[in-house]
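J.: Here you go, entry-v6.txt (compact mmCIF, C-alpha atoms):
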```
# COMPACT_ATOMS: atom_id res chain seq x y z
CA MET C 3 -26.49 -12.54 -15.22
CA LYS C 4 -30.12 -11.93 -16.18
CA LYS C 5 -31.20 -8.70 -17.88
CA GLY C 6 -33.01 -7.44 -14.77
CA GLU C 7 -29.91 -8.11 -12.66
CA GLU C 8 -27.70 -6.36 -15.21
CA THR C 9 -30.01 -3.34 -15.19
CA ARG C 10 -30.02 -3.21 -11.39
CA LYS C 11 -26.22 -3.49 -11.27
CA LYS C 12 -25.89 -0.65 -13.80
CA ILE C 13 -28.23 1.49 -11.69
CA LEU C 14 -26.30 0.72 -8.49
CA ASP C 15 -22.91 1.32 -10.14
CA THR C 16 -24.12 4.71 -11.39
CA GLY C 17 -25.63 5.56 -8.00
CA PHE C 18 -22.41 4.51 -6.29
CA GLU C 19 -20.33 6.82 -8.50
CA MET C 20 -22.80 9.70 -8.05
CA ALA C 21 -22.81 9.32 -4.26
CA SER C 22 -19.02 9.19 -4.19
CA LYS C 23 -18.77 12.38 -6.24
CA LEU C 24 -21.72 14.44 -4.99
CA GLY C 25 -22.58 12.96 -1.61
CA LEU C 26 -25.19 10.42 -0.62
CA GLU C 27 -27.84 13.06 0.11
CA CYS C 28 -27.69 14.23 -3.52
CA LEU C 29 -28.66 10.75 -4.64
CA SER C 30 -32.37 10.55 -5.35
CA ILE C 31 -34.65 8.63 -7.67
CA GLY C 32 -34.94 11.75 -9.85
CA SER C 33 -31.20 12.44 -10.08
CA LEU C 34 -30.40 8.80 -10.73
CA ALA C 35 -33.12 8.57 -13.38
CA GLY C 36 -31.43 11.40 -15.25
CA ALA C 37 -27.98 9.82 -14.96
CA THR C 38 -29.16 6.39 -16.15
CA CYS C 39 -31.61 7.68 -18.81
CA MET C 40 -34.40 5.76 -17.10
CA SER C 41 -37.83 6.95 -16.08
CA LYS C 42 -38.52 7.96 -12.50
CA SER C 43 -41.36 5.45 -12.37
CA GLY C 44 -39.02 2.69 -13.57
CA LEU C 45 -36.51 3.48 -10.84
CA PHE C 46 -39.24 3.89 -8.25
CA SER C 47 -40.41 0.35 -9.00
CA HIS C 48 -36.90 -0.87 -8.10
CA PHE C 49 -36.41 1.10 -4.87
CA LYS C 50 -39.74 2.63 -3.66
CA SER C 51 -38.08 5.50 -1.76
CA LYS C 52 -34.98 7.66 -1.57
CA GLU C 53 -33.92 5.94 1.66
CA LYS C 54 -34.18 2.47 0.11
CA LEU C 55 -32.22 3.70 -2.91
CA GLN C 56 -29.47 5.09 -0.68
CA LEU C 57 -29.33 1.88 1.37
CA SER C 58 -29.17 -0.22 -1.79
CA VAL C 59 -26.31 1.88 -3.15
CA MET C 60 -24.42 1.66 0.14
CA LYS C 61 -24.93 -2.11 0.31
CA HIS C 62 -23.65 -2.37 -3.25
CA ALA C 63 -20.63 -0.23 -2.32
CA GLY C 64 -20.02 -2.55 0.65
CA ARG C 65 -19.94 -5.58 -1.66
CA VAL C 66 -17.51 -3.83 -4.01
CA PHE C 67 -15.33 -2.77 -1.06
CA ARG C 68 -15.24 -6.34 0.23
CA GLU C 69 -14.31 -7.70 -3.22
CA GLU C 70 -11.67 -5.07 -4.04
CA VAL C 71 -10.16 -4.24 -0.65
CA LEU C 72 -10.73 -6.95 1.95
CA LEU C 73 -10.79 -10.28 0.11
CA PRO C 74 -7.60 -9.75 -1.95
CA ALA C 75 -5.76 -8.66 1.21
CA LEU C 76 -6.93 -11.73 3.11
CA LYS C 77 -5.29 -13.93 0.44
CA LYS C 78 -1.89 -12.56 1.47
CA PRO C 79 0.12 -14.33 4.19
CA ALA C 80 -0.82 -13.34 7.73
CA GLY C 81 1.30 -10.53 9.06
CA VAL C 82 2.64 -7.26 7.72
CA LYS C 83 2.09 -8.34 4.08
CA ARG C 84 -1.64 -8.66 4.76
CA LEU C 85 -1.77 -5.35 6.64
CA ARG C 86 0.10 -3.60 3.81
CA ALA C 87 -2.26 -5.12 1.25
CA MET C 88 -5.24 -3.78 3.18
CA MET C 89 -3.68 -0.33 3.24
CA ASP C 90 -2.70 -0.40 -0.44
CA ASN C 91 -6.09 -1.75 -1.56
CA TRP C 92 -7.93 0.91 0.44
CA ILE C 93 -5.76 3.67 -1.07
CA ASP C 94 -6.42 2.30 -4.59
CA TRP C 95 -10.15 2.18 -3.81
CA THR C 96 -10.13 5.78 -2.61
CA VAL C 97 -8.12 7.09 -5.57
CA LYS C 98 -10.15 5.40 -8.30
CA LEU C 99 -13.49 6.86 -7.15
CA SER C 100 -14.12 10.38 -8.38
CA GLY C 101 -15.08 11.59 -4.91
CA GLY C 102 -13.03 9.19 -2.81
CA CYS C 103 -14.25 6.62 -0.33
CA ILE C 104 -18.03 6.75 -0.15
CA PHE C 105 -18.04 5.37 3.40
CA VAL C 106 -15.80 8.08 4.82
CA ALA C 107 -17.79 10.82 3.10
CA ALA C 108 -21.14 9.33 4.10
CA ALA C 109 -20.05 8.90 7.73
CA ALA C 110 -19.42 12.64 7.96
CA GLU C 111 -22.53 13.51 5.96
CA TYR C 112 -24.86 11.37 8.08
CA SER C 113 -23.22 11.69 11.51
CA ASP C 114 -26.13 13.76 12.86
CA ARG C 115 -28.96 12.13 10.88
CA PRO C 116 -30.46 9.21 12.80
CA GLY C 117 -32.00 6.47 10.71
CA LYS C 118 -31.35 3.32 8.72
CA VAL C 119 -28.79 4.92 6.41
CA ARG C 120 -26.63 6.18 9.27
CA ASP C 121 -26.97 2.83 11.08
CA PHE C 122 -25.80 0.99 7.98
CA ILE C 123 -22.83 3.34 7.46
CA ARG C 124 -21.75 2.95 11.09
CA ASN C 125 -22.08 -0.82 10.84
CA GLN C 126 -19.84 -0.84 7.75
CA HIS C 127 -17.18 1.14 9.61
CA ASP C 128 -17.46 -1.26 12.57
CA LEU C 129 -16.95 -4.24 10.24
CA TRP C 130 -13.90 -2.61 8.65
CA ILE C 131 -12.38 -1.75 12.04
CA ASP C 132 -13.07 -5.28 13.31
CA SER C 133 -11.29 -6.62 10.21
CA LEU C 134 -8.27 -4.45 10.99
CA ILE C 135 -8.23 -5.73 14.57
CA ARG C 136 -8.39 -9.37 13.43
CA VAL C 137 -5.62 -8.86 10.87
CA ALA C 138 -3.47 -7.13 13.50
CA ARG C 139 -4.01 -10.11 15.83
CA SER C 140 -2.99 -12.49 13.07
CA ALA C 141 0.17 -10.40 12.54
CA VAL C 142 0.95 -10.80 16.25
CA ARG C 143 0.48 -14.58 15.97
CA ALA C 144 2.73 -14.60 12.88
CA GLY C 145 5.44 -12.83 14.89
CA ASP C 146 5.45 -9.69 12.71
CA LEU C 147 4.09 -7.50 15.53
CA LYS C 148 5.13 -7.50 19.19
CA ALA C 149 3.46 -10.09 21.40
CA ASP C 150 2.04 -7.37 23.67
CA THR C 151 0.52 -5.38 20.78
CA ASP C 152 -2.89 -3.92 21.57
CA SER C 153 -4.67 -4.87 18.34
CA ARG C 154 -7.43 -2.33 18.94
CA LEU C 155 -4.88 0.46 19.26
CA PHE C 156 -3.01 -0.72 16.17
CA ALA C 157 -6.30 -0.78 14.22
CA PHE C 158 -7.13 2.73 15.48
CA GLU C 159 -3.75 4.06 14.38
CA MET C 160 -3.94 2.36 10.98
CA TYR C 161 -7.48 3.62 10.44
CA SER C 162 -6.37 7.12 11.42
CA ILE C 163 -3.67 6.97 8.73
CA ILE C 164 -6.29 5.89 6.20
CA LEU C 165 -8.60 8.74 7.19
CA GLY C 166 -5.67 11.14 7.03
CA PHE C 167 -4.98 10.00 3.47
CA TYR C 168 -8.62 10.58 2.55
CA LEU C 169 -8.51 14.11 3.97
CA TYR C 170 -5.14 14.99 2.42
CA HIS C 171 -5.88 13.44 -0.97
CA ASN C 172 -9.59 14.03 -1.50
CA SER C 173 -10.64 16.91 0.68
CA ILE C 174 -7.70 19.29 0.44
CA GLY C 175 -5.78 17.84 -2.51
CA ARG C 176 -2.30 17.64 -1.01
CA LYS C 177 0.13 16.21 -3.57
CA GLU C 178 2.24 14.49 -0.93
CA ALA C 179 -0.71 12.48 0.45
CA LEU C 180 0.39 9.10 -0.87
CA GLU C 181 4.05 9.56 0.09
CA LEU C 182 3.17 10.63 3.62
CA THR C 183 0.61 7.85 4.04
CA ARG C 184 3.10 5.17 3.09
CA ALA C 185 5.74 6.70 5.38
CA ALA C 186 3.25 6.87 8.27
CA PHE C 187 2.26 3.24 7.75
CA ASP C 188 5.91 2.12 7.64
CA ARG C 189 6.60 4.05 10.85
CA LEU C 190 3.55 2.47 12.51
CA VAL C 191 4.68 -1.04 11.59
CA ILE C 192 8.24 -0.36 12.77
CA SER C 193 6.95 0.87 16.13
CA TYR C 194 5.23 -2.51 16.65
CA THR C 195 7.95 -4.73 15.19
CA PRO C 196 9.64 -7.07 17.70
CA ILE C 197 13.19 -5.95 18.57
CA ASN C 198 14.77 -9.24 17.47
CA SER C 199 13.21 -9.08 13.98
```
Would you write out, as structure tokens, the structure that this file holds?
T.:
Amino acid sequence: MKKGEETRKKILDTGFEMASKLGLECLSIGSLAGATCMSKSGLFSHFKSKEKLQLSVMKHAGRVFREEVLLPALKKPAGVKRLRAMMDNWIDWTVKLSGGCIFVAAAAEYSDRPGKVRDFIRNQHDLWIDSLIRVARSAVRAGDLKADTDSRLFAFEMYSIILGFYLYHNSIGRKEALELTRAAFDRLVISYTPINS
């Protein structure tokens, strides 16, 4: 990796952590300059505006999410093992960030702010939901879920469990968040498991 690429990655990693902890709106060229010990003019030359900085950080977060959550899960065999890996990876992702999942927080923060940032955040959620639907369909084909499973409904229910974990763990700090999330996921899978399994 070239020095310029290393510098940009360091900036984006720092911005990612700041946005997770403080919210995306708190991320600005000035605040990031202070956190990275760089000049505002140096950062401005990289990003040109607060919006472009925020989009760059969210795109970086999307790459990290794909590498840490989606791709490892997709290496698991199709079926419940892959679904469980997606759930476990997402929980790990949420827990390791100081403020939790940046995409969940940003979706709430930008829900009433039209523009490129909100469009990107919504697109990321759409991609994640579509991934859940596809993995649910592959679990049906593998015989782990009932043949008549509505994959969209399964994805909705699984995503709701994930969002519940985020709320319980990050927003209100309930100690039983992980235990309840795992139990809810197990119950969801059982409700879709074929009777003869």
J.: Around (-22.5, 2.7, 12.4) in the file's frame, which residues reach within 12 Å when counting only C-alpha atoms? Return as JSON, numbers by chain?
T.: {"C": [105, 106, 108, 109, 110, 112, 113, 114, 115, 116, 117, 118, 119, 120, 121, 122, 123, 124, 125, 126, 127, 128, 129, 130, 131]}
J.: Produce a file of the selected residues containing C-alpha atoms, as a compact mmCIF listing (two decimals), keeping the file's coordinate frame.
T.:
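So the final result, stored in part-v1.txt, reads:
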```txt
# COMPACT_ATOMS: atom_id res chain seq x y z
CA PHE C 105 -18.04 5.37 3.40
CA VAL C 106 -15.80 8.08 4.82
CA ALA C 108 -21.14 9.33 4.10
CA ALA C 109 -20.05 8.90 7.73
CA ALA C 110 -19.42 12.64 7.96
CA TYR C 112 -24.86 11.37 8.08
CA SER C 113 -23.22 11.69 11.51
CA ASP C 114 -26.13 13.76 12.86
CA ARG C 115 -28.96 12.13 10.88
CA PRO C 116 -30.46 9.21 12.80
CA GLY C 117 -32.00 6.47 10.71
CA LYS C 118 -31.35 3.32 8.72
CA VAL C 119 -28.79 4.92 6.41
CA ARG C 120 -26.63 6.18 9.27
CA ASP C 121 -26.97 2.83 11.08
CA PHE C 122 -25.80 0.99 7.98
CA ILE C 123 -22.83 3.34 7.46
CA ARG C 124 -21.75 2.95 11.09
CA ASN C 125 -22.08 -0.82 10.84
CA GLN C 126 -19.84 -0.84 7.75
CA HIS C 127 -17.18 1.14 9.61
CA ASP C 128 -17.46 -1.26 12.57
CA LEU C 129 -16.95 -4.24 10.24
CA TRP C 130 -13.90 -2.61 8.65
CA ILE C 131 -12.38 -1.75 12.04
```
J.: Would you work out the distance separating atom CA of C:Glu27 from atom CA of C:Val66, expressed in Å to one decimal?
T.: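 Here the two named atoms are 20.2 Å from each other.
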J.: Could you give me, as JSON lines, every stretch 20-108 of chain C residue with an atom at most 10 Å from stretch 164-182 of chain C, plus its closest atom pair and distance in Å to one decimal, counting only C-alpha atoms, rows ordered by chain then number?
T.:
```
{"residue": "C:Met89", "atom": "CA", "partner": "C:Ile164", "partner_atom": "CA", "distance": 7.4}
{"residue": "C:Asp90", "atom": "CA", "partner": "C:Ile164", "partner_atom": "CA", "distance": 9.8}
{"residue": "C:Trp92", "atom": "CA", "partner": "C:Ile164", "partner_atom": "CA", "distance": 7.8}
{"residue": "C:Ile93", "atom": "CA", "partner": "C:Ile164", "partner_atom": "CA", "distance": 7.6}
{"residue": "C:Thr96", "atom": "CA", "partner": "C:Tyr168", "partner_atom": "CA", "distance": 7.2}
{"residue": "C:Val97", "atom": "CA", "partner": "C:His171", "partner_atom": "CA", "distance": 8.2}
{"residue": "C:Leu99", "atom": "CA", "partner": "C:Asn172", "partner_atom": "CA", "distance": 9.9}
{"residue": "C:Ser100", "atom": "CA", "partner": "C:Asn172", "partner_atom": "CA", "distance": 9.0}
{"residue": "C:Gly101", "atom": "CA", "partner": "C:Asn172", "partner_atom": "CA", "distance": 6.9}
{"residue": "C:Gly102", "atom": "CA", "partner": "C:Asn172", "partner_atom": "CA", "distance": 6.1}
{"residue": "C:Cys103", "atom": "CA", "partner": "C:Tyr168", "partner_atom": "CA", "distance": 7.5}
{"residue": "C:Val106", "atom": "CA", "partner": "C:Leu165", "partner_atom": "CA", "distance": 7.6}
{"residue": "C:Ala107", "atom": "CA", "partner": "C:Tyr168", "partner_atom": "CA", "distance": 9.2}
```
J.: I want to know what sits within 9 Å of stretch 135-151 of chain C, based on all atoms listed in the file, with residues of the same chain fewer than 5 positions away left out; could you give that as a PyMOL selection string?
T.: chain C and resi 76+80-85+130+156-158+191-197+199
J.: Give the answer as one residue: which of C:Ser43, C:Glu19, C:Leu134, C:Ala87 has the shortest atom-to-atom distance to C:Arg154, using all atoms listed in the file?
T.: C:Leu134
J.: Tell me, in Å to one decimal, how far atom CA of C:Pro74 is from atom CA of C:Lys5.
T.: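 For atom CA of C:Pro74 relative to atom CA of C:Lys5, the distance reads 28.5 Å.
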J.: What is the distance between atom CA of C:Leu24 and atom CA of C:Ser162, in Å to one decimal?
T.: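 Result for atom CA of C:Leu24 versus atom CA of C:Ser162: 23.6 Å, one decimal.
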J.: Between C:Ser58, C:Gly17, C:Asn91, C:Phe49, which one has atoms that come closest to C:Leu73, using only C-alpha atoms?
T.: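 Among the listed residues, C:Asn91 lies closest to C:Leu73.
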J.: Of the residues C:Arg189, C:Arg86, C:Lys61, C:Lys12, which is the one nearest to C:Ile104, using all atoms listed in the file?
T.: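 Ranking C:Arg189, C:Arg86, C:Lys61, C:Lys12 by distance to C:Ile104, first place goes to C:Lys61.
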J.: Hey, which of C:Arg65, C:Trp95, C:Glu111, C:Lys11 ends up closest to C:Cys28? Count only C-alpha atoms.
T.: C:Glu111
J.: Report, as JSON, the centre and edge lengths in Å (one decimal) of the axis-aligned box enclosing every listed atom of stretch 48-63 of chain C, padded by 5 Å on each side.
T.:
```
{"center_x": -30.2, "center_y": 2.6, "center_z": -3.2, "size_x": 29.1, "size_y": 20.0, "size_z": 19.8}
```
J.: When you count all atoms listed in the file, which of these residues is closest to C:Met60: C:Lys78, C:Thr16, C:Met40, C:Gly32?
T.: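 Among C:Lys78, C:Thr16, C:Met40, C:Gly32, it is C:Thr16 that comes nearest to C:Met60.
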J.: Of the residues C:Asp15, C:Met88, C:Glu53, C:Ser133, which is the one nearest to C:Phe187, using all atoms listed in the file?
T.: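 Nearest to C:Phe187: C:Met88.
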J.: Counting all atoms listed in the file, note down every residue that has an atom within 12 Å of the point (-39.4, -0.4, -11.5) (file coordinates), as a list in words.
T.: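 Residues with an atom at most 12 Å from (-39.4, -0.4, -11.5): Gly6, Thr9, Arg10, Ile13, Ile31, Ala35, Met40, Ser41, Lys42, Ser43, Gly44, Leu45, Phe46, Ser47, His48, Phe49, Lys50, Ser51 and Leu55 of chain C.
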J.: Take the residues that were just selected and, keeping C-alpha atoms, output them as a short mmCIF file (atom, residue, chain, number, x, y, z; two decimals), keeping the file's coordinate frame.
T.:
```cif
data_model
loop_
_atom_site.label_atom_id
_atom_site.label_comp_id
_atom_site.auth_asym_id
_atom_site.auth_seq_id
_atom_site.Cartn_x
_atom_site.Cartn_y
_atom_site.Cartn_z
CA GLY C 6 -33.01 -7.44 -14.77
CA THR C 9 -30.01 -3.34 -15.19
CA ARG C 10 -30.02 -3.21 -11.39
CA ILE C 13 -28.23 1.49 -11.69
CA ILE C 31 -34.65 8.63 -7.67
CA ALA C 35 -33.12 8.57 -13.38
CA MET C 40 -34.40 5.76 -17.10
CA SER C 41 -37.83 6.95 -16.08
CA LYS C 42 -38.52 7.96 -12.50
CA SER C 43 -41.36 5.45 -12.37
CA GLY C 44 -39.02 2.69 -13.57
CA LEU C 45 -36.51 3.48 -10.84
CA PHE C 46 -39.24 3.89 -8.25
CA SER C 47 -40.41 0.35 -9.00
CA HIS C 48 -36.90 -0.87 -8.10
CA PHE C 49 -36.41 1.10 -4.87
CA LYS C 50 -39.74 2.63 -3.66
CA SER C 51 -38.08 5.50 -1.76
CA LEU C 55 -32.22 3.70 -2.91
#
```
